[in-house]
>>> print(open('upload.txt').read())   # compact mmCIF, N, CA and C atoms
# COMPACT_ATOMS: atom_id res chain seq x y z
N MET P 1 105.04 101.51 109.89
CA MET P 1 103.86 100.90 109.30
C MET P 1 102.87 102.03 108.97
N PRO P 2 102.36 102.04 107.78
CA PRO P 2 101.40 103.10 107.44
C PRO P 2 100.14 103.03 108.32
N GLU P 3 99.63 104.20 108.67
CA GLU P 3 98.43 104.25 109.50
C GLU P 3 97.23 103.72 108.72
N PHE P 4 96.23 103.27 109.48
CA PHE P 4 95.03 102.74 108.85
C PHE P 4 93.81 102.99 109.72
N THR P 5 92.66 102.93 109.09
CA THR P 5 91.37 102.89 109.77
C THR P 5 90.64 101.70 109.18
N LEU P 6 90.32 100.72 110.03
CA LEU P 6 89.65 99.50 109.60
C LEU P 6 88.47 99.22 110.51
N LYS P 7 87.64 98.28 110.07
CA LYS P 7 86.50 97.87 110.89
C LYS P 7 86.87 96.64 111.72
N SER P 8 86.31 96.59 112.92
CA SER P 8 86.46 95.39 113.74
C SER P 8 85.35 94.41 113.38
N VAL P 9 85.43 93.21 113.91
CA VAL P 9 84.39 92.22 113.69
C VAL P 9 83.04 92.77 114.12
N GLY P 10 83.00 93.59 115.16
CA GLY P 10 81.76 94.20 115.62
C GLY P 10 81.34 95.41 114.81
N GLU P 11 82.02 95.64 113.67
CA GLU P 11 81.71 96.75 112.76
C GLU P 11 82.07 98.13 113.30
N GLN P 12 82.85 98.18 114.36
CA GLN P 12 83.30 99.48 114.87
C GLN P 12 84.58 99.87 114.15
N GLN P 13 84.76 101.18 113.95
CA GLN P 13 85.98 101.65 113.32
C GLN P 13 87.13 101.57 114.32
N PHE P 14 88.28 101.17 113.80
CA PHE P 14 89.50 101.11 114.59
C PHE P 14 90.58 101.88 113.86
N LYS P 15 91.21 102.82 114.57
CA LYS P 15 92.28 103.62 113.98
C LYS P 15 93.62 103.15 114.54
N SER P 16 94.56 102.94 113.66
CA SER P 16 95.87 102.42 114.08
C SER P 16 96.60 103.37 115.02
N ILE P 17 96.22 104.63 115.02
CA ILE P 17 96.88 105.57 115.92
C ILE P 17 96.73 105.12 117.38
N SER P 18 95.70 104.32 117.66
CA SER P 18 95.52 103.84 119.04
C SER P 18 96.54 102.76 119.41
N LEU P 19 97.32 102.28 118.45
CA LEU P 19 98.38 101.31 118.74
C LEU P 19 99.61 101.99 119.33
N TYR P 20 99.77 103.28 119.08
CA TYR P 20 100.94 104.00 119.57
C TYR P 20 101.05 103.88 121.08
N GLY P 21 102.28 103.74 121.55
CA GLY P 21 102.54 103.69 122.98
C GLY P 21 102.66 102.28 123.54
N LYS P 22 102.29 101.27 122.74
CA LYS P 22 102.42 99.87 123.16
C LYS P 22 102.97 99.07 121.98
N PRO P 23 103.85 98.11 122.25
CA PRO P 23 104.25 97.23 121.15
C PRO P 23 103.05 96.41 120.68
N SER P 24 103.11 95.94 119.45
CA SER P 24 101.97 95.24 118.86
C SER P 24 102.41 94.00 118.09
N LEU P 25 101.55 92.99 118.12
CA LEU P 25 101.69 91.82 117.27
C LEU P 25 100.48 91.81 116.35
N LEU P 26 100.74 91.93 115.06
CA LEU P 26 99.68 91.93 114.05
C LEU P 26 99.80 90.65 113.22
N ASN P 27 98.75 89.86 113.19
CA ASN P 27 98.75 88.65 112.38
C ASN P 27 97.85 88.89 111.17
N LEU P 28 98.39 88.64 109.98
CA LEU P 28 97.66 88.81 108.74
C LEU P 28 97.27 87.42 108.25
N TRP P 29 95.98 87.19 108.06
CA TRP P 29 95.49 85.84 107.84
C TRP P 29 94.17 85.86 107.09
N PHE P 30 93.65 84.66 106.78
CA PHE P 30 92.27 84.52 106.31
C PHE P 30 91.79 83.11 106.62
N THR P 31 90.47 82.94 106.63
CA THR P 31 89.87 81.72 107.18
C THR P 31 90.05 80.48 106.30
N ASN P 32 90.40 80.62 105.04
CA ASN P 32 90.60 79.47 104.15
C ASN P 32 92.07 79.14 103.94
N CYS P 33 92.92 79.73 104.73
CA CYS P 33 94.37 79.55 104.62
C CYS P 33 94.81 78.50 105.64
N SER P 34 95.17 77.32 105.15
CA SER P 34 95.56 76.23 106.06
C SER P 34 96.73 76.60 106.98
N PRO P 35 97.83 77.18 106.46
CA PRO P 35 98.91 77.56 107.37
C PRO P 35 98.47 78.61 108.40
N CYS P 36 97.57 79.50 107.99
CA CYS P 36 97.04 80.50 108.93
C CYS P 36 96.31 79.81 110.08
N ILE P 37 95.48 78.86 109.74
CA ILE P 37 94.70 78.14 110.75
C ILE P 37 95.61 77.29 111.62
N ASP P 38 96.62 76.67 111.00
CA ASP P 38 97.55 75.82 111.76
C ASP P 38 98.31 76.58 112.83
N GLU P 39 98.60 77.86 112.57
CA GLU P 39 99.40 78.61 113.54
C GLU P 39 98.56 79.28 114.64
N ILE P 40 97.24 79.26 114.55
CA ILE P 40 96.40 79.93 115.54
C ILE P 40 96.66 79.44 116.97
N PRO P 41 96.76 78.13 117.22
CA PRO P 41 97.03 77.71 118.61
C PRO P 41 98.34 78.29 119.15
N LEU P 42 99.36 78.37 118.31
CA LEU P 42 100.63 78.95 118.75
C LEU P 42 100.49 80.46 119.00
N LEU P 43 99.73 81.15 118.16
CA LEU P 43 99.48 82.57 118.38
C LEU P 43 98.74 82.79 119.70
N ASN P 44 97.75 81.95 119.98
CA ASN P 44 97.05 82.05 121.27
C ASN P 44 98.00 81.79 122.43
N ASP P 45 98.89 80.80 122.28
CA ASP P 45 99.88 80.51 123.33
C ASP P 45 100.81 81.69 123.57
N ILE P 46 101.22 82.34 122.48
CA ILE P 46 102.11 83.50 122.61
C ILE P 46 101.40 84.61 123.38
N LYS P 47 100.14 84.86 123.05
CA LYS P 47 99.40 85.89 123.78
C LYS P 47 99.31 85.54 125.26
N SER P 48 99.03 84.28 125.57
CA SER P 48 98.97 83.86 126.98
C SER P 48 100.32 84.01 127.67
N ALA P 49 101.40 83.66 126.96
CA ALA P 49 102.74 83.76 127.53
C ALA P 49 103.13 85.21 127.82
N LEU P 50 102.54 86.15 127.08
CA LEU P 50 102.86 87.56 127.26
C LEU P 50 101.84 88.28 128.16
N ASN P 51 100.94 87.51 128.75
CA ASN P 51 99.96 88.08 129.67
C ASN P 51 100.68 88.88 130.76
N GLY P 52 100.22 90.05 131.02
CA GLY P 52 100.87 90.91 132.02
C GLY P 52 101.68 92.02 131.38
N LEU P 53 102.07 91.85 130.13
CA LEU P 53 102.75 92.92 129.41
C LEU P 53 101.68 93.71 128.65
N ASP P 54 101.90 94.99 128.50
CA ASP P 54 100.93 95.85 127.82
C ASP P 54 101.20 95.83 126.31
N ILE P 55 100.59 94.86 125.62
CA ILE P 55 100.84 94.62 124.20
C ILE P 55 99.51 94.54 123.46
N ASN P 56 99.49 95.08 122.25
CA ASN P 56 98.32 94.97 121.37
C ASN P 56 98.43 93.67 120.58
N PHE P 57 97.33 92.92 120.49
CA PHE P 57 97.27 91.71 119.67
C PHE P 57 96.11 91.85 118.70
N PHE P 58 96.42 91.91 117.39
CA PHE P 58 95.40 92.08 116.37
C PHE P 58 95.59 91.08 115.24
N ALA P 59 94.48 90.61 114.71
CA ALA P 59 94.47 89.79 113.50
C ALA P 59 93.76 90.60 112.42
N ILE P 60 94.39 90.70 111.27
CA ILE P 60 93.86 91.53 110.19
C ILE P 60 93.63 90.66 108.96
N THR P 61 92.45 90.81 108.35
CA THR P 61 92.12 90.02 107.16
C THR P 61 91.37 90.87 106.13
N PHE P 62 91.41 90.41 104.91
CA PHE P 62 90.64 91.05 103.84
C PHE P 62 89.19 90.57 103.85
N GLN P 63 88.88 89.57 104.65
CA GLN P 63 87.54 89.00 104.66
C GLN P 63 86.55 89.87 105.43
N SER P 64 85.27 89.54 105.26
CA SER P 64 84.20 90.31 105.89
C SER P 64 84.03 89.93 107.36
N SER P 65 83.35 90.79 108.07
CA SER P 65 83.02 90.54 109.47
C SER P 65 82.23 89.25 109.61
N GLU P 66 81.29 89.02 108.70
CA GLU P 66 80.46 87.81 108.75
C GLU P 66 81.29 86.55 108.59
N GLU P 67 82.22 86.56 107.63
CA GLU P 67 83.07 85.39 107.41
C GLU P 67 83.93 85.09 108.63
N VAL P 68 84.52 86.12 109.21
CA VAL P 68 85.38 85.93 110.37
C VAL P 68 84.55 85.50 111.58
N SER P 69 83.41 86.12 111.79
CA SER P 69 82.54 85.74 112.91
C SER P 69 82.14 84.28 112.82
N LYS P 70 81.79 83.84 111.62
CA LYS P 70 81.39 82.44 111.43
C LYS P 70 82.56 81.51 111.77
N PHE P 71 83.76 81.84 111.32
CA PHE P 71 84.95 81.05 111.62
C PHE P 71 85.20 80.99 113.13
N LEU P 72 85.06 82.13 113.79
CA LEU P 72 85.35 82.20 115.23
C LEU P 72 84.33 81.45 116.09
N GLU P 73 83.17 81.15 115.52
CA GLU P 73 82.18 80.36 116.27
C GLU P 73 82.72 78.98 116.62
N ASN P 74 83.58 78.44 115.77
CA ASN P 74 84.11 77.08 115.98
C ASN P 74 85.62 77.03 116.18
N ASN P 75 86.26 78.19 116.19
CA ASN P 75 87.73 78.24 116.30
C ASN P 75 88.12 79.36 117.26
N GLU P 76 88.90 79.01 118.25
CA GLU P 76 89.35 80.00 119.23
C GLU P 76 90.56 80.75 118.68
N PHE P 77 90.41 82.05 118.54
CA PHE P 77 91.51 82.92 118.10
C PHE P 77 91.37 84.19 118.93
N ASN P 78 92.20 84.30 119.95
CA ASN P 78 92.02 85.30 121.02
C ASN P 78 92.63 86.67 120.74
N TYR P 79 92.57 87.11 119.52
CA TYR P 79 93.05 88.43 119.15
C TYR P 79 91.86 89.31 118.80
N LYS P 80 92.07 90.61 118.78
CA LYS P 80 91.05 91.51 118.26
C LYS P 80 91.13 91.40 116.73
N HIS P 81 89.98 91.32 116.09
CA HIS P 81 89.96 91.07 114.66
C HIS P 81 89.51 92.30 113.88
N LEU P 82 90.34 92.65 112.87
CA LEU P 82 90.03 93.75 111.97
C LEU P 82 89.78 93.15 110.58
N VAL P 83 88.71 93.62 109.94
CA VAL P 83 88.22 92.97 108.72
C VAL P 83 88.11 93.96 107.55
N ASP P 84 87.79 93.41 106.39
CA ASP P 84 87.61 94.21 105.17
C ASP P 84 88.83 95.08 104.87
N ALA P 85 90.01 94.51 105.05
CA ALA P 85 91.25 95.27 104.91
C ALA P 85 91.94 95.04 103.57
N LYS P 86 91.21 94.62 102.56
CA LYS P 86 91.80 94.26 101.27
C LYS P 86 92.65 95.39 100.69
N GLU P 87 92.11 96.59 100.64
CA GLU P 87 92.86 97.70 100.03
C GLU P 87 94.10 98.06 100.85
N TYR P 88 93.97 98.05 102.17
CA TYR P 88 95.13 98.36 103.01
C TYR P 88 96.23 97.32 102.82
N LEU P 89 95.86 96.04 102.89
CA LEU P 89 96.86 94.97 102.76
C LEU P 89 97.51 95.00 101.38
N LYS P 90 96.73 95.25 100.35
CA LYS P 90 97.27 95.38 99.00
C LYS P 90 98.23 96.58 98.93
N GLY P 91 97.85 97.68 99.57
CA GLY P 91 98.66 98.89 99.55
C GLY P 91 100.01 98.75 100.24
N ILE P 92 100.10 97.85 101.22
CA ILE P 92 101.39 97.65 101.90
C ILE P 92 102.14 96.44 101.34
N GLY P 93 101.61 95.88 100.23
CA GLY P 93 102.34 94.84 99.51
C GLY P 93 102.19 93.43 100.05
N ILE P 94 101.14 93.16 100.80
CA ILE P 94 100.94 91.81 101.33
C ILE P 94 100.35 90.93 100.23
N ARG P 95 101.04 89.85 99.93
CA ARG P 95 100.58 88.94 98.90
C ARG P 95 100.43 87.51 99.45
N GLY P 96 101.33 87.10 100.32
CA GLY P 96 101.30 85.75 100.86
C GLY P 96 100.86 85.74 102.31
N TYR P 97 100.25 84.65 102.71
CA TYR P 97 99.73 84.52 104.08
C TYR P 97 100.18 83.18 104.66
N PRO P 98 100.31 83.11 105.96
CA PRO P 98 100.13 84.18 106.93
C PRO P 98 101.40 85.00 107.06
N LYS P 99 101.25 86.15 107.67
CA LYS P 99 102.37 87.02 108.04
C LYS P 99 102.08 87.53 109.45
N THR P 100 103.11 87.61 110.24
CA THR P 100 102.98 88.20 111.57
C THR P 100 104.01 89.31 111.68
N ILE P 101 103.54 90.47 112.07
CA ILE P 101 104.38 91.66 112.13
C ILE P 101 104.47 92.12 113.58
N ILE P 102 105.69 92.34 114.03
CA ILE P 102 105.93 92.88 115.37
C ILE P 102 106.30 94.34 115.22
N LEU P 103 105.54 95.18 115.92
CA LEU P 103 105.76 96.63 115.88
C LEU P 103 106.23 97.13 117.24
N ASP P 104 107.09 98.16 117.22
CA ASP P 104 107.46 98.80 118.48
C ASP P 104 106.39 99.80 118.88
N LYS P 105 106.65 100.57 119.94
CA LYS P 105 105.65 101.50 120.47
C LYS P 105 105.32 102.64 119.52
N GLN P 106 106.21 102.91 118.54
CA GLN P 106 105.97 103.98 117.57
C GLN P 106 105.45 103.44 116.24
N MET P 107 105.02 102.19 116.22
CA MET P 107 104.50 101.51 115.03
C MET P 107 105.56 101.27 113.96
N ASN P 108 106.82 101.22 114.36
CA ASN P 108 107.88 100.84 113.44
C ASN P 108 107.96 99.32 113.39
N VAL P 109 108.10 98.77 112.19
CA VAL P 109 108.21 97.32 112.05
C VAL P 109 109.55 96.86 112.60
N ARG P 110 109.51 95.91 113.53
CA ARG P 110 110.72 95.35 114.13
C ARG P 110 111.03 93.98 113.56
N LYS P 111 109.98 93.24 113.16
CA LYS P 111 110.19 91.89 112.68
C LYS P 111 108.96 91.46 111.88
N ILE P 112 109.20 90.70 110.82
CA ILE P 112 108.12 90.11 110.04
C ILE P 112 108.38 88.61 109.96
N GLU P 113 107.41 87.84 110.41
CA GLU P 113 107.48 86.38 110.31
C GLU P 113 106.58 85.95 109.17
N LYS P 114 107.12 85.16 108.26
CA LYS P 114 106.30 84.67 107.15
C LYS P 114 105.33 83.61 107.64
N ILE P 115 105.77 82.76 108.52
CA ILE P 115 104.92 81.75 109.13
C ILE P 115 105.57 81.34 110.43
N PHE P 116 104.78 81.16 111.45
CA PHE P 116 105.33 80.71 112.71
C PHE P 116 105.79 79.27 112.56
N PRO P 117 106.76 78.88 113.34
CA PRO P 117 107.37 77.55 113.18
C PRO P 117 106.50 76.43 113.76
N ILE P 118 105.38 76.14 113.12
CA ILE P 118 104.46 75.12 113.63
C ILE P 118 105.04 73.72 113.53
N SER P 119 106.05 73.54 112.70
CA SER P 119 106.64 72.21 112.55
C SER P 119 107.67 71.91 113.64
N PHE P 120 107.99 72.89 114.48
CA PHE P 120 108.93 72.66 115.56
C PHE P 120 108.40 71.60 116.51
N ASP P 121 109.31 70.87 117.14
CA ASP P 121 108.86 70.00 118.22
C ASP P 121 108.59 70.85 119.45
N SER P 122 108.09 70.27 120.50
CA SER P 122 107.66 71.03 121.68
C SER P 122 108.77 71.87 122.28
N ALA P 123 109.97 71.31 122.38
CA ALA P 123 111.09 72.06 122.96
C ALA P 123 111.43 73.28 122.12
N ASP P 124 111.42 73.13 120.79
CA ASP P 124 111.71 74.26 119.91
C ASP P 124 110.64 75.34 120.02
N LYS P 125 109.36 74.91 120.12
CA LYS P 125 108.27 75.89 120.26
C LYS P 125 108.44 76.68 121.55
N ILE P 126 108.79 76.00 122.62
CA ILE P 126 108.99 76.68 123.92
C ILE P 126 110.12 77.69 123.80
N GLU P 127 111.21 77.29 123.18
CA GLU P 127 112.36 78.19 123.02
C GLU P 127 112.00 79.37 122.13
N TRP P 128 111.26 79.11 121.05
CA TRP P 128 110.86 80.17 120.14
C TRP P 128 109.92 81.16 120.83
N LYS P 129 108.96 80.64 121.61
CA LYS P 129 108.05 81.53 122.35
C LYS P 129 108.82 82.39 123.34
N LYS P 130 109.85 81.81 123.98
CA LYS P 130 110.68 82.59 124.91
C LYS P 130 111.36 83.74 124.17
N SER P 131 111.85 83.47 122.96
CA SER P 131 112.54 84.54 122.22
C SER P 131 111.57 85.65 121.82
N ILE P 132 110.33 85.28 121.44
CA ILE P 132 109.32 86.29 121.12
C ILE P 132 108.96 87.08 122.38
N LYS P 133 108.82 86.39 123.49
CA LYS P 133 108.50 87.08 124.74
C LYS P 133 109.61 88.06 125.10
N MET P 134 110.88 87.65 124.96
CA MET P 134 111.99 88.56 125.26
C MET P 134 111.98 89.78 124.34
N GLU P 135 111.62 89.57 123.08
CA GLU P 135 111.52 90.70 122.13
C GLU P 135 110.49 91.72 122.64
N PHE P 136 109.34 91.22 123.10
CA PHE P 136 108.30 92.12 123.60
C PHE P 136 108.65 92.72 124.96
N VAL P 137 109.38 92.00 125.78
CA VAL P 137 109.84 92.58 127.06
C VAL P 137 110.75 93.76 126.75
N LYS P 138 111.67 93.59 125.79
CA LYS P 138 112.55 94.71 125.39
C LYS P 138 111.75 95.87 124.84
N LEU P 139 110.81 95.56 123.93
CA LEU P 139 110.02 96.63 123.31
C LEU P 139 109.14 97.34 124.35
N SER P 140 108.65 96.60 125.34
CA SER P 140 107.80 97.20 126.37
C SER P 140 108.57 98.13 127.29
N SER P 141 109.88 97.85 127.47
CA SER P 141 110.66 98.65 128.40
C SER P 141 111.27 99.89 127.75
N VAL P 142 111.35 99.91 126.43
CA VAL P 142 111.91 101.06 125.71
C VAL P 142 110.91 102.21 125.74
N GLU P 143 111.37 103.38 126.10
CA GLU P 143 110.50 104.57 126.16
C GLU P 143 110.33 105.16 124.83
>>> encode(input="upload.txt", output="structure tokens")
Amino acid sequence: MPEFTLKSVGEQQFKSISLYGKPSLLNLWFTNCSPCIDEIPLLNDIKSALNGLDINFFAITFQSSEEVSKFLENNEFNYKHLVDAKEYLKGIGIRGYPKTIILDKQMNVRKIEKIFPISFDSADKIEWKKSIKMEFVKLSSVE
């Protein structure tokens, strides 16, 4: 994954080099995207299910800090948020949303999900979350 420097919701600069050494889940989204919003509860569940593993969880959008902050006032999305990423997302060819990217410890792309399976029934969601957790357990143990 190409390196980047983006702003967080708090307007602080974030450099992707700080992702090295830990696997990462990057969700690409925006606040007016219905499928993006629909998958947020599942993304929060995945983060909770992986509690205890040393993993980066980031949500990246082309929108402004103000737009994302306003959305987060009424919607729980427990990831670190990076904003104003229009040029970066365009540069890596992102056109459709949402996308979730799983990176290994060296920032190599391991998996890209076009949309999480929100239409699954409860048993399927549990099984799918287990498979994502196993992916991160493997990535966390690889040196």
>>> select_by_dssp(input="upload.txt", residues="chain P", states="alpha helix (DSSP H)", output="PyMOL selection string")
chain P and resi 34-49+65-74+86-91+122-141
>>> closest_residue(input="upload.txt", among="P:Leu42, P:Glu127, P:Phe4, P:Glu11", to="Glu66 (chain P)", atoms="only C-alpha atoms")
P:Glu11
>>> closest_residue(input="upload.txt", among="P:Tyr79, P:Phe71, P:Phe14, P:Phe30", to="Phe57 (chain P)", atoms="only N, CA and C atoms")
P:Tyr79
>>> select_by_dssp(input="upload.txt", residues="chain P", states="strand (DSSP E)", output="MDAnalysis selection string")
chainID P and resid 5:8 13:15 24:28 56:60 80:83 99:103 109:113
>>> residues_around(input="upload.txt", residues="Ser140 (chain P)", least_positions_apart="2", cutoff="10 Å", atoms="only C-alpha atoms", output="list in words")
Gly21, Lys22, Pro23, Ser24, Leu53, Asp54, Ile55, Asp104, Lys105, Met134, Glu135, Phe136, Val137, Lys138, Val142 and Glu143 of chain P
>>> axis_aligned_box(input="upload.txt", around="region 43-52 of chain P", padding_each_side="8 Å", output="JSON")
{"center_x": 100.1, "center_y": 86.3, "center_z": 125.1, "size_x": 22.1, "size_y": 27.5, "size_z": 29.9}
>>> atom_distance(input="upload.txt", atom1="CA of Ser34 (chain P)", atom2="CA of Lys47 (chain P)")
20.5 Å
>>> atom_distance(input="upload.txt", atom1="atom C of Pro41 (chain P)", atom2="CA of Lys125 (chain P)")
10.3 Å
>>> atom_distance(input="upload.txt", atom1="CA of Ser64 (chain P)", atom2="CA of Met1 (chain P)")
22.6 Å
>>> closest_residue(input="upload.txt", among="P:Ser141, P:Val9, P:Lys70, P:Lys130", to="Ser48 (chain P)", atoms="only C-alpha atoms")
P:Lys130
>>> residues_around(input="upload.txt", residues="Lys129 (chain P)", least_positions_apart="6", cutoff="8 Å", atoms="only N, CA and C atoms", output="ChimeraX atom specification")
/P:45-46,49,123,135
>>> closest_residue(input="upload.txt", among="P:Leu6, P:Ile126, P:Leu43, P:Leu103", to="Thr61 (chain P)", atoms="only C-alpha atoms")
P:Leu6
